[in-house]
Amino acid sequence: MRQNGHSVETIAAWVLALLWLLPLAYSLWSAFHPSEYATRFDLTASLTLDNFARAWRQAPFARYYLNTLMLVSLVLACQLVIATLAAYAFARFKFFGRDVLFALVLVQLMIMPDVLIVENYRVISALNLLDTIPAIALPYIASAFGTFLLRQTFKSVPNELVEAARVEGASSFGVLWRVFVPLGKTTYIAFGLVSVSYHWNNFLWPLIVTNSVKSRPLTVGLAVFGAPETGVDWSVITAATVMTMAPLLLAFLLFQRQFVQSFMRAGIR
């Protein structure tokens, strides 16, 4: 019975994997082949990079890439600093109401960002930040998820290492920088992948607070690029889609081991 159950789980996993890969396979096929092969499969079809060149010429993708890189870098930098300090405090310092405050931080995980769109828009508008990169980033600079992951990592650090650093004269921030941060490397990589992928793919909030090329990220630019009124050429659209998702896919393939290991350790602790 156990073996049969394992076989069923394996088959189900393969089926789900294939279903997940089908859109990616179609995008790659259509992007690297002429338009006439976008909706039919032919092994003799010639390969081409013209779709990527046409997509790059038809929209300011260079500006979209720059905006997106600035956005994810700004959000990730703020999240890492705030989450590191908060996790360090929750994991290593004892103060009144610590557990209650940490529970309140975790409440953020239960609130969908879309629920706060109206209030966030009012705040951003009052700050006169509409149609800017900080307008997209500001609601996300504190991450309860990152705080939770790093807290779990910091709690597992042996006290002997902390005491050794104290003996050498390290301050609280010195202990954090010399002991906790290096030991949390895999967690930082895993959280970085999650944060970058989320904000790289985020669509609704950037769509609401941006209205020009100067601040529009890739997701919004791709939606405008693929709008029906601009004409639908699936080969060019899929080429643009591949250009958009390629950096994330490459990053995951490079760091998938650290990504999986970090979440496994966080779940065990």
# chains A, B, ... in the order shown; residues from 1 in each chain; ligands from 1

call {"tool": "residues_around", "arguments": {"residues": "stretch 33-44 of chain A", "least_positions_apart": "5", "cutoff": "12 Å", "atoms": "only C-alpha atoms", "output": "number ranges by chain"}}
result
A: 25-28, 49-52, 54, 232-239

call {"tool": "write_last_selection", "arguments": {"atoms": "C-alpha atoms", "output": "PDB file, in the first residue's frame"}}
result
ATOM      1  CA  ALA A  25       7.406  25.480 -23.417  1.00  0.00           C
ATOM      2  CA  TYR A  26       4.903  27.295 -25.619  1.00  0.00           C
ATOM      3  CA  SER A  27       6.494  30.664 -24.864  1.00  0.00           C
ATOM      4  CA  LEU A  28       9.949  29.379 -25.766  1.00  0.00           C
ATOM      5  CA  LEU A  49      15.912  35.788 -32.960  1.00  0.00           C
ATOM      6  CA  ASP A  50      13.957  38.364 -34.949  1.00  0.00           C
ATOM      7  CA  ASN A  51      11.039  38.252 -32.507  1.00  0.00           C
ATOM      8  CA  PHE A  52      13.286  39.462 -29.695  1.00  0.00           C
ATOM      9  CA  ARG A  54      11.189  43.376 -32.871  1.00  0.00           C
ATOM     10  CA  VAL A 232      -1.415  40.960 -31.342  1.00  0.00           C
ATOM     11  CA  ASP A 233       1.630  39.116 -32.639  1.00  0.00           C
ATOM     12  CA  TRP A 234       2.043  36.128 -30.349  1.00  0.00           C
ATOM     13  CA  SER A 235       5.616  35.447 -31.377  1.00  0.00           C
ATOM     14  CA  VAL A 236       6.695  38.975 -30.460  1.00  0.00           C
ATOM     15  CA  ILE A 237       4.614  38.948 -27.249  1.00  0.00           C
ATOM     16  CA  THR A 238       6.081  35.638 -26.113  1.00  0.00           C
ATOM     17  CA  ALA A 239       9.571  36.912 -26.943  1.00  0.00           C
TER      18      ALA A 239
END

call {"tool": "closest_atom_pairs", "arguments": {"of": "stretch 71-96 of chain A", "to": "stretch 137-141 of chain A", "cutoff": "8 Å", "atoms": "only C-alpha atoms", "output": "Markdown table"}}
result
| residue | atom | partner | partner_atom | distance |
| --- | --- | --- | --- | --- |
| A:Leu71 | CA | A:Ala137 | CA | 6.4 |
| A:Leu74 | CA | A:Ala137 | CA | 7.1 |
| A:Val75 | CA | A:Ile141 | CA | 5.5 |
| A:Leu76 | CA | A:Ile141 | CA | 7.6 |
| A:Cys78 | CA | A:Ile141 | CA | 5.3 |
| A:Gln79 | CA | A:Ile141 | CA | 5.1 |
| A:Ile82 | CA | A:Ile141 | CA | 7.8 |

call {"tool": "atom_distance", "arguments": {"atom1": "atom CA of A:Ser195", "atom2": "atom CA of A:Leu109"}}
result
13.8 Å

call {"tool": "select_by_dssp", "arguments": {"residues": "stretch 144-261 of chain A", "states": "alpha helix (DSSP H)", "output": "JSON, numbers by chain"}}
result
{"A": [144, 145, 146, 147, 148, 149, 150, 151, 152, 153, 154, 155, 159, 160, 161, 162, 163, 164, 165, 166, 167, 172, 173, 174, 175, 181, 182, 183, 185, 186, 187, 188, 189, 190, 191, 192, 193, 194, 195, 196, 197, 198, 199, 200, 201, 204, 205, 206, 207, 208, 209, 218, 219, 220, 221, 222, 223, 224, 225, 234, 235, 236, 237, 238, 239, 240, 241, 242, 243, 244, 245, 246, 247, 248, 249, 250, 251, 252, 253, 254, 255, 256, 257, 258, 259, 260, 261]}

call {"tool": "residues_around", "arguments": {"residues": "A:Val196", "least_positions_apart": "5", "cutoff": "9 Å", "atoms": "only C-alpha atoms", "output": "VMD selection string"}}
result
chain A and resid 72 to 73 75 to 76 191 201 248

call {"tool": "atom_distance", "arguments": {"atom1": "atom CA of A:Lys185", "atom2": "atom CA of A:Phe252"}}
result
15.9 Å

call {"tool": "closest_atom_pairs", "arguments": {"of": "stretch 56-152 of chain A", "to": "stretch 165-181 of chain A", "cutoff": "12 Å", "atoms": "only C-alpha atoms", "output": "tab-separated table"}}
result
residue	atom	partner	partner_atom	distance
A:Leu80	CA	A:Val181	CA	10.5
A:Val81	CA	A:Val181	CA	10.8
A:Ala83	CA	A:Val181	CA	11.5
A:Thr84	CA	A:Val181	CA	8.1
A:Leu85	CA	A:Leu176	CA	8.6
A:Ala86	CA	A:Leu176	CA	11.5
A:Ala87	CA	A:Phe180	CA	10.3
A:Tyr88	CA	A:Leu176	CA	7.4
A:Ala89	CA	A:Leu176	CA	10.2
A:Ala91	CA	A:Phe180	CA	10.7
A:Arg92	CA	A:Ser172	CA	10.0
A:Phe93	CA	A:Ser172	CA	10.2
A:Leu150	CA	A:Val181	CA	9.3
A:Arg151	CA	A:Phe180	CA	10.3
A:Gln152	CA	A:Phe180	CA	11.4

call {"tool": "atom_distance", "arguments": {"atom1": "atom CA of A:Leu249", "atom2": "atom CA of A:Leu19"}}
result
17.1 Å

call {"tool": "residues_around", "arguments": {"residues": "A:Ala59", "least_positions_apart": "3", "cutoff": "9 Å", "atoms": "only C-alpha atoms", "output": "PyMOL selection string"}}
result
chain A and resi 54-56+62+64+221-222+225

call {"tool": "closest_residue", "arguments": {"among": "A:Ala144, A:Leu204, A:Leu218, A:Met243", "to": "A:Leu101", "atoms": "only C-alpha atoms"}}
result
A:Ala144
